[in-house]
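Novice: Questions regarding the structure given below will be posed in turn.
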Amino acid sequence: MLAEQPTFSIIDFPGRRLTIGSTSMTTREQPPHDVEIDSFSLADRCVSAADFHAFLRDAPGDVDHTMIDCIDPCFIVHRRGGFELRPGCGQYPMIQISFWAAAAYCNWLSRAEGLRLVYDHHDRHADLAADGYRLPTEAEWEAACRVGYPEGAGPGPDGCNSADAGPICRKLRAGESLSGNFLPGHPAPVPVASLPADAAGLYEMLGNLREWCHDRFGPYGPDPARNPSGAPRGSFRVVRGGSFIDPADTLGPASRMAAYEDTKCEVYGFRVARSR
Amino acid sequence: LPQFAEVPPQAGEEQRYLLAVVPTTTGQYWQFLRDRGITREPAPRWHGFPAAAGTGLRTTHDGAVVLDEQLTALPVTYVTWFGAVAYCEWLGSQVGMPCQLPSAAQWWHAAAAGSGLRWSLGNDFDRKTYAPLATGPRPVNCTPANAFGLRDMTGNIFEWCADPLVTDFRPDAARAALGSRVIKGGAYTVRNPESFENAAVFTADELTTVPYIGFRVLCTPAAPPR
């Protein structure tokens with residue numbers, strides 16, 4: 001059991017068949033194709049800096065300095081005593097972590113609940129048959145996001161922390177309180193679950209942070225797929241949902257980007273998932 | 001003691017200065033600690049060396065700092081901005097010249113060898129030289145000298161500079177420091193070539209102790225008699 005429970009809640013999604021991808025965005029989303037996915041659970045919000053700090057305090061040996069960056073802007077710094085949460089930064093999403101740091105957090109949650117670990121970061125291997133926590137596959141992420149935005153239209157400029165977010169959203173950005181040494185007037189993350197939830201009860205799926213997904217990035221093919229989990233090889237992972245530096249009209253349930261898996265940057269965060 | 005290279009002044013400025021050829025090493029920082037008699041007590045504002053071996057300086061279970069003799073050529077890391085400043089002040093008393101951290105502008109001018117280079121050895125990013133895959137810093141002298149005779153300006157470890165991060169927007173003061181200082185040069189932990197550019201400016205919390213930030217010393221010799 002964990003000493004402190006994480007701030008996110010888990011939402012269950014049924015298995016289903018759906019079409020993912022889009023013809024109206026970039027070539028990355030093409031061609032649209034059918035997938036069938038099993039039931040899964042997805043966190044309603046991204047892992048917060050406070051959530052991640054609880055992990056770093058409990059298991060400081062599970063990450064090293066190649067997996068987490070503590071240079072500005074950041075919500076967690078590393079001082080003589082170890083990783084420290086900057087004052088007032090706990091509710092912001094965890095940023096500046098690589099894919100494998102996100103995977104290490106998932107493993108830590110699994111261990112606390114006695115579940116089988118999905119990731120082995122030394123061998124850079126994953127076992128999707130394990131029942132533990134993991135990152136969502138991009139098909140799961142898209143299926144959940146399509147439940148949240150059934151009409152296909154995203155949230156308006158005040159409901160989505162995109163590059164062109166509206167004034168209500170901009171006021172919530174970290175820079176307005178100098179949190180994490182983000183600076184005023186510049187694009188920055190907003191706290192987790194600070195904007196209205198979508199129809200599925202999920203917070204900030206679109207905008208705020210590009211979210212690490214499980215899949216290695218690769219081009220889509222036309223064939224239907226069952227429980228797709230990414231390209232067999234490569235060092236790039238799928239990131240979903242766009243961030244505070246991406247224009248709102250480039251973001252939607254289908255939009256996808258790639259990120260080098262060792263990248264640590266203030267535009268990448270993550271939420272956890274599990275197979276059911 | 002560090003070796004210095006002379007940096008010719010920028011156009012419009014008169015003051016020449018000396019900059020250490022390479023970042024301060026664990027061996028040199030150890031000399032400072034020993035000379036100041038503080039190897040056996042913690043100096044929490046200055047450094048926080050890890051307990052595990054491999055970084056040159058480490059902290060034992062009773063709080064003392066020990067040096068691993070075979071690792072004295074590693075750049076010293078896990079030193080805060082204040083520890084870097086304290087070393088500079090001590091070195092000044094040893095060499096009889098004022099020593100300090102370079103400003104970001106001085107660092108940039110020196111790294112670009114006065115000719116506006118993007119990286120310290122030219123305008124092409126040579127990943128094998130600057131940023132080979134690594135899980136920790138390499139010993140100093142890991143890259144060739146630039147036109148000013150300076151080595152390792154690009155890559156390996158970030159280097160503390162004097163400048164604070166400031167903002168004009170703080171409601172309670174016109175221009176307030178945010179507790180962070182400029183770091184320059186890129187490190188083994190970063191990947192994008194842009195992050196290594198001579199002009200690139202990052203900042204970090206000034207009490208940060210991490211394996212990817214170190215520093216080098218700037219000296220200002222007395223002007224020669226006319």
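Identifiers in the structure tokens: chain A, B, ... in order shown; residue index from 1 per chain; ligand index from 1 in order shown.
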Can you tell me, as a VMD selection string, what residues are no more than 12 Å from Arg191 (chain B) when counting only C-alpha atoms, ignoring any on the same chain fewer than 2 positions away?

Specialist: (chain A and resid 66 260 to 265) or (chain B and resid 125 to 128 130 to 134 155 to 156 186 to 189 193 to 197)

Novice: Would you list which chain B residues are within 7 Å of chain A using only C-alpha atoms, as a PyMOL selection string?

Specialist: chain B and resi 44+47-48+135+169+189+202-204+207-210

Novice: From a backbone DSSP assignment, name each residue in region 1-184 of chain B labelled strand (DSSP E or B), as a ChimeraX atom specification.

Specialist: /B:4-7,17-20,25,47,57-59,65-67,75,79,99-100,119,122,158-167,176-184

Novice: Could you name the residues that touch region 194-199 of chain A at 12 Å or less, counting only C-alpha atoms, but leaving out those on the same chain fewer than 3 positions away, as a PyMOL selection string?

Specialist: chain A and resi 44-46+48+91-93+144-161+165-166+168-174+189-191+202-208+253

Novice: Could you write those residues out with C-alpha atoms, as an mmCIF file, in the first residue's frame?

Specialist:
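To be explicit, this is the file written out as again_30.cif:
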data_model
loop_
_atom_site.group_PDB
_atom_site.id
_atom_site.type_symbol
_atom_site.label_atom_id
_atom_site.label_comp_id
_atom_site.auth_asym_id
_atom_site.auth_seq_id
_atom_site.Cartn_x
_atom_site.Cartn_y
_atom_site.Cartn_z
ATOM 1 C CA ASP A 44 -8.851 10.762 -15.276
ATOM 2 C CA ARG A 45 -5.893 13.152 -15.177
ATOM 3 C CA CYS A 46 -2.150 13.289 -15.647
ATOM 4 C CA SER A 48 0.906 15.403 -10.837
ATOM 5 C CA GLN A 91 -0.778 20.257 -8.360
ATOM 6 C CA TYR A 92 0.921 20.866 -11.716
ATOM 7 C CA PRO A 93 1.428 17.880 -13.979
ATOM 8 C CA ALA A 144 -11.224 7.269 -24.550
ATOM 9 C CA CYS A 145 -10.831 10.721 -26.088
ATOM 10 C CA ARG A 146 -13.539 9.978 -28.659
ATOM 11 C CA VAL A 147 -15.900 9.139 -25.775
ATOM 12 C CA GLY A 148 -14.967 12.481 -24.239
ATOM 13 C CA TYR A 149 -15.610 14.397 -27.466
ATOM 14 C CA PRO A 150 -18.387 12.426 -29.201
ATOM 15 C CA GLU A 151 -19.138 15.217 -31.676
ATOM 16 C CA GLY A 152 -15.475 15.383 -32.680
ATOM 17 C CA ALA A 153 -15.288 19.073 -31.734
ATOM 18 C CA GLY A 154 -12.666 19.823 -29.094
ATOM 19 C CA PRO A 155 -13.076 22.136 -26.122
ATOM 20 C CA GLY A 156 -13.138 25.851 -26.811
ATOM 21 C CA PRO A 157 -10.166 28.166 -26.191
ATOM 22 C CA ASP A 158 -10.984 28.451 -22.484
ATOM 23 C CA GLY A 159 -11.315 24.704 -21.991
ATOM 24 C CA CYS A 160 -8.070 23.679 -23.618
ATOM 25 C CA ASN A 161 -4.565 24.812 -22.709
ATOM 26 C CA ALA A 165 -5.717 29.320 -25.139
ATOM 27 C CA GLY A 166 -8.217 31.914 -23.969
ATOM 28 C CA ILE A 168 -9.469 32.102 -18.382
ATOM 29 C CA CYS A 169 -7.150 29.249 -19.212
ATOM 30 C CA ARG A 170 -4.058 31.451 -19.538
ATOM 31 C CA LYS A 171 -4.640 32.794 -16.037
ATOM 32 C CA LEU A 172 -4.179 29.260 -14.659
ATOM 33 C CA ARG A 173 -0.783 28.764 -16.287
ATOM 34 C CA ALA A 174 2.224 28.096 -14.077
ATOM 35 C CA PRO A 189 1.074 23.975 -18.075
ATOM 36 C CA VAL A 190 -2.059 24.454 -15.964
ATOM 37 C CA PRO A 191 -2.691 22.337 -12.826
ATOM 38 C CA LEU A 202 -11.294 12.908 -18.324
ATOM 39 C CA TYR A 203 -9.310 16.093 -17.686
ATOM 40 C CA GLU A 204 -6.976 17.867 -20.124
ATOM 41 C CA MET A 205 -6.809 15.102 -22.714
ATOM 42 C CA LEU A 206 -6.427 17.810 -25.366
ATOM 43 C CA GLY A 207 -3.870 20.528 -24.742
ATOM 44 C CA ASN A 208 -1.723 21.108 -21.621
ATOM 45 C CA PRO A 253 -8.791 12.684 -30.527
#

Novice: So which one's closest to Ser24 (chain A), A:Leu251, A:Ala259, A:Val239, A:Ile11? Using only C-alpha atoms, please.

Specialist: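 Looking at the shortest contact to Ser24 (chain A), the residue is A:Leu251.
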